[in-house]
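Q: Got a structure here, written out as structure tokens. Questions coming.
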Amino acid sequence: MSTTAAATPSLRRKPKDDRLLGIAFIIPAAIGLIAFYIWPLIRGIWLSFTEYNLLTPEQFTGLANYRRMIGDSIFWNAVWVTLEYVVINIGLQTILALIIAVLMQRLTQSTLVRSIVLTPYLVSNVVVAMLWLWILDNTLGISNEIISAITGESVNFFSSALAIPTIAVINVWRHVGYTALLIFAGLQSIPGTVYEAGKMDGASEWTMFWKITVPLLRPILALVLIMTMIGSFQVFDTVSVTTQGGPVNASRVLQYYIYDMAFGRFQFGYASAMAVGLLIVLAAITILQYRMTRAGETDLD
């Protein structure tokens, strides 16, 4: 009886409340979120309705910055240059990543191979840009030394016609390994029985790729497209290191134009208006992509 009586209070003891401990772990991340994301967002939206140059207090100007943006020919040129980059980068990166992922699944699933594929992604954008500038430079680049030895002429990879495709290829080289590993993870989730059923029905490898692999990869491909699209619109480092927006605005992407207006000409109000416009466009495209690709659904159910 005494043993039972002694055990009863411990059985009725209330579970320990860990809410304070959970809050303690959340607070540092919450402070970082507020300080580096939410507050700059609110501040940027406010500045988009003002004229501000760091030296004088903000002056509320209403929609003047947005009206200026609509009539700014350099802004629209930056938009078209950015769209050109987005199309090249997304198309080339997605196709190459899909090919690499399928080859890794079919030929080898070695951890060493996956590490090698991911290696360029571990290098910072600035270092990658400097490396490729050294390789592709018109006068001192290694590639032009080889081309000149073979053809007797050099190629200006950062000319008006080739600047954006060259920058896109550089960024594809850096990011394609990471994208391929995302797709490879999606391929691992497809049951092997699906392919066995396809072989029993006499389907070729090409047919199974289009009829089985691609449809079942739709959620992962949708994620890849959304991530690549957002990253493509925000390209900056490679342009800043290689061309600085030149020659003659041929590679002046929107993100670089925003930076130039803010920190080159100290027109923070107008730069903020363009940044807000970019945010709205990215949000709209992301929502549209998510719904059109049915990213939240899978055909495996």
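Chains: A, B, ... in order of the structure tokens. Residues: from 1 per chain. Ligands: from 1, in order shown.
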Find the residues around Ala180 in chain A up to 7 Å (only C-alpha atoms counted), leave out those fewer than 6 positions away in its own chain, and share them as a PyMOL selection string.

A: chain A and resi 97-98+100-101

Q: Please provide as a PyMOL selection string all residues within 12 Å of Ile212 in chain A, with the sequence filter that same-chain residues fewer than 2 positions apart are discarded (counting only C-alpha atoms).

A: chain A and resi 187+190-199+203-210+214-218+299-300

Q: For the residues in that selection, give me N, CA, C and O atoms as a short mmCIF file (atom, residue, chain, number, x, y, z; two decimals), in the first residue's frame.

A:
```cif
data_model
loop_
_atom_site.label_atom_id
_atom_site.label_comp_id
_atom_site.auth_asym_id
_atom_site.auth_seq_id
_atom_site.Cartn_x
_atom_site.Cartn_y
_atom_site.Cartn_z
N LEU A 187 14.32 12.08 -58.20
CA LEU A 187 14.37 10.80 -58.92
C LEU A 187 14.42 9.63 -57.94
O LEU A 187 13.86 8.56 -58.20
N ILE A 190 11.03 8.21 -56.83
CA ILE A 190 10.16 7.50 -57.77
C ILE A 190 10.37 6.00 -57.58
O ILE A 190 11.49 5.51 -57.70
N PRO A 191 9.32 5.24 -57.29
CA PRO A 191 9.47 3.79 -57.07
C PRO A 191 9.98 3.07 -58.31
O PRO A 191 9.59 3.38 -59.44
N GLY A 192 10.89 2.11 -58.12
CA GLY A 192 11.42 1.34 -59.24
C GLY A 192 10.38 0.48 -59.90
O GLY A 192 10.51 0.12 -61.09
N THR A 193 9.31 0.14 -59.16
CA THR A 193 8.25 -0.70 -59.73
C THR A 193 7.55 -0.01 -60.91
O THR A 193 7.04 -0.68 -61.80
N VAL A 194 7.54 1.32 -60.89
CA VAL A 194 6.90 2.06 -62.00
C VAL A 194 7.67 1.81 -63.29
O VAL A 194 7.07 1.58 -64.35
N TYR A 195 9.01 1.83 -63.22
CA TYR A 195 9.82 1.58 -64.40
C TYR A 195 9.74 0.11 -64.82
O TYR A 195 9.75 -0.20 -66.03
N GLU A 196 9.65 -0.78 -63.85
CA GLU A 196 9.51 -2.20 -64.18
C GLU A 196 8.21 -2.45 -64.94
O GLU A 196 8.18 -3.23 -65.90
N ALA A 197 7.14 -1.79 -64.52
CA ALA A 197 5.86 -1.92 -65.22
C ALA A 197 5.96 -1.38 -66.63
O ALA A 197 5.41 -1.94 -67.59
N GLY A 198 6.70 -0.26 -66.79
CA GLY A 198 6.88 0.31 -68.12
C GLY A 198 7.66 -0.62 -69.03
O GLY A 198 7.33 -0.76 -70.23
N LYS A 199 8.69 -1.28 -68.50
CA LYS A 199 9.47 -2.22 -69.31
C LYS A 199 8.62 -3.42 -69.72
O LYS A 199 8.73 -3.92 -70.84
N ALA A 203 7.80 -0.29 -73.12
CA ALA A 203 8.16 1.12 -73.30
C ALA A 203 9.67 1.27 -73.39
O ALA A 203 10.42 0.62 -72.66
N SER A 204 10.13 2.14 -74.28
CA SER A 204 11.56 2.41 -74.41
C SER A 204 12.01 3.36 -73.32
O SER A 204 11.20 3.95 -72.60
N GLU A 205 13.34 3.53 -73.19
CA GLU A 205 13.89 4.44 -72.19
C GLU A 205 13.40 5.86 -72.43
O GLU A 205 13.07 6.59 -71.49
N TRP A 206 13.37 6.26 -73.70
CA TRP A 206 12.93 7.61 -74.04
C TRP A 206 11.46 7.82 -73.67
O TRP A 206 11.07 8.86 -73.13
N THR A 207 10.63 6.81 -73.97
CA THR A 207 9.21 6.91 -73.65
C THR A 207 8.99 6.96 -72.14
O THR A 207 8.18 7.76 -71.65
N MET A 208 9.73 6.13 -71.38
CA MET A 208 9.57 6.15 -69.92
C MET A 208 10.04 7.47 -69.33
O MET A 208 9.49 7.94 -68.33
N PHE A 209 11.05 8.08 -69.97
CA PHE A 209 11.52 9.37 -69.47
C PHE A 209 10.42 10.42 -69.58
O PHE A 209 10.17 11.16 -68.62
N TRP A 210 9.74 10.49 -70.74
CA TRP A 210 8.72 11.50 -70.95
C TRP A 210 7.39 11.15 -70.30
O TRP A 210 6.65 12.05 -69.86
N VAL A 214 9.41 12.53 -66.13
CA VAL A 214 9.07 13.96 -66.11
C VAL A 214 7.77 14.24 -65.36
O VAL A 214 7.74 15.15 -64.51
N PRO A 215 6.67 13.50 -65.61
CA PRO A 215 5.44 13.78 -64.85
C PRO A 215 5.61 13.59 -63.35
O PRO A 215 5.09 14.38 -62.55
N LEU A 216 6.33 12.54 -62.93
CA LEU A 216 6.49 12.28 -61.51
C LEU A 216 7.47 13.24 -60.85
O LEU A 216 7.50 13.38 -59.62
N LEU A 217 8.28 13.90 -61.67
CA LEU A 217 9.21 14.90 -61.14
C LEU A 217 8.60 16.29 -61.06
O LEU A 217 9.29 17.24 -60.67
N ARG A 218 7.33 16.43 -61.44
CA ARG A 218 6.72 17.75 -61.54
C ARG A 218 6.87 18.60 -60.27
O ARG A 218 7.23 19.78 -60.37
N ASP A 299 1.83 12.97 -58.56
CA ASP A 299 1.12 11.89 -59.24
C ASP A 299 1.43 10.53 -58.63
O ASP A 299 0.95 9.50 -59.12
N LEU A 300 2.22 10.51 -57.56
CA LEU A 300 2.55 9.25 -56.91
C LEU A 300 1.46 8.77 -55.98
O LEU A 300 1.48 7.62 -55.53
#
```

Q: Kindly indicate which residue among A:Ile280, A:Leu182, A:Ala275, A:Ile287 lies nearest to Met69 in chain A, using only C-alpha atoms for the distances.

A: A:Ala275

Q: Residues at most 9 Å from Leu83 in chain A, counting only C-alpha atoms, excluding those fewer than 5 positions away in the same chain, as a list in words?

A: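 After dropping sequence-adjacent residues, the list is Ala78, Ile88, Ser232, Phe233 and Val253 of chain A.
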
Q: For each of A:Val113, A:Glu145, A:Tyr256, A:Val224, take the minimum atom-to-atom distance to Tyr290 in chain A, counting only C-alpha atoms, then give the residue where this is smallest.

A: A:Val224

Q: Near Ala129 in chain A, counting only C-alpha atoms, which residues have an atom at most 7 Å away, once you skip same-chain residues fewer than 5 positions from it, shown as a CSV table (one decimal) with all heavy atoms, in the first residue's frame?

A:
```
chain,number,residue,atom,x,y,z
A,238,THR,N,27.9,38.6,-60.5
A,238,THR,CA,28.7,38.3,-61.7
A,238,THR,C,28.7,39.6,-62.6
A,238,THR,O,29.8,39.8,-63.2
A,238,THR,CB,28.0,37.2,-62.5
A,238,THR,OG1,27.8,36.1,-61.6
A,238,THR,CG2,28.9,36.7,-63.6
A,241,VAL,N,31.2,42.2,-61.2
A,241,VAL,CA,32.7,41.9,-61.3
A,241,VAL,C,33.1,41.9,-62.8
A,241,VAL,O,34.2,42.4,-63.1
A,241,VAL,CB,32.9,40.5,-60.7
A,241,VAL,CG1,34.4,40.0,-61.0
A,241,VAL,CG2,32.7,40.5,-59.2
A,242,THR,N,32.3,41.5,-63.7
A,242,THR,CA,32.7,41.3,-65.1
A,242,THR,C,32.5,42.5,-66.0
A,242,THR,O,33.4,42.9,-66.7
A,242,THR,CB,32.0,40.0,-65.7
A,242,THR,OG1,30.6,40.2,-65.6
A,242,THR,CG2,32.4,38.8,-65.0
```

Q: Just list the residues in range 20-263 of chain A DSSP gives alpha helix (DSSP H) on the backbone, as an MDAnalysis selection string.

A: chainID A and resid 20:33 39:47 64:70 73:107 111:118 125:136 142:151 163:188 192:200 205:208 214:216 218:233 237:242 254:259

Q: Excluding range 258-272 of chain A and its own-chain neighbours fewer than 5 positions away, which residues fall within 6 Å of it when counting only C-alpha atoms? Please give them as a list in words.

A: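 Those residues are Gly44, Leu47, Ser48, Thr50, Glu51, Tyr52, Asn53 and Asn65 of chain A.
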
Q: Output N, CA, C and O atoms for every residue in the selection just made, as a compact mmCIF listing (two decimals), in the first residue's frame.

A:
```txt
# COMPACT_ATOMS: atom_id res chain seq x y z
N GLY A 44 12.05 49.93 -46.88
CA GLY A 44 12.16 50.10 -48.32
C GLY A 44 10.86 50.55 -48.96
O GLY A 44 10.85 51.40 -49.86
N LEU A 47 10.51 54.24 -48.15
CA LEU A 47 11.42 55.07 -48.92
C LEU A 47 11.00 55.18 -50.38
O LEU A 47 11.34 56.16 -51.05
N SER A 48 10.26 54.18 -50.89
CA SER A 48 9.83 54.24 -52.29
C SER A 48 8.85 55.38 -52.54
O SER A 48 8.64 55.77 -53.69
N THR A 50 9.33 58.36 -51.11
CA THR A 50 10.03 59.56 -50.68
C THR A 50 11.19 59.89 -51.61
O THR A 50 11.56 59.08 -52.47
N GLU A 51 11.76 61.07 -51.40
CA GLU A 51 13.02 61.45 -52.02
C GLU A 51 14.06 61.49 -50.91
O GLU A 51 13.93 62.25 -49.95
N TYR A 52 15.12 60.66 -51.03
CA TYR A 52 16.07 60.51 -49.93
C TYR A 52 17.45 60.24 -50.49
O TYR A 52 17.62 59.42 -51.39
N ASN A 53 18.46 60.93 -49.95
CA ASN A 53 19.82 60.79 -50.46
C ASN A 53 20.88 60.68 -49.35
O ASN A 53 22.05 60.95 -49.59
N ASN A 65 8.12 58.54 -57.64
CA ASN A 65 9.15 57.57 -58.03
C ASN A 65 8.59 56.50 -58.96
O ASN A 65 9.29 56.06 -59.89
```
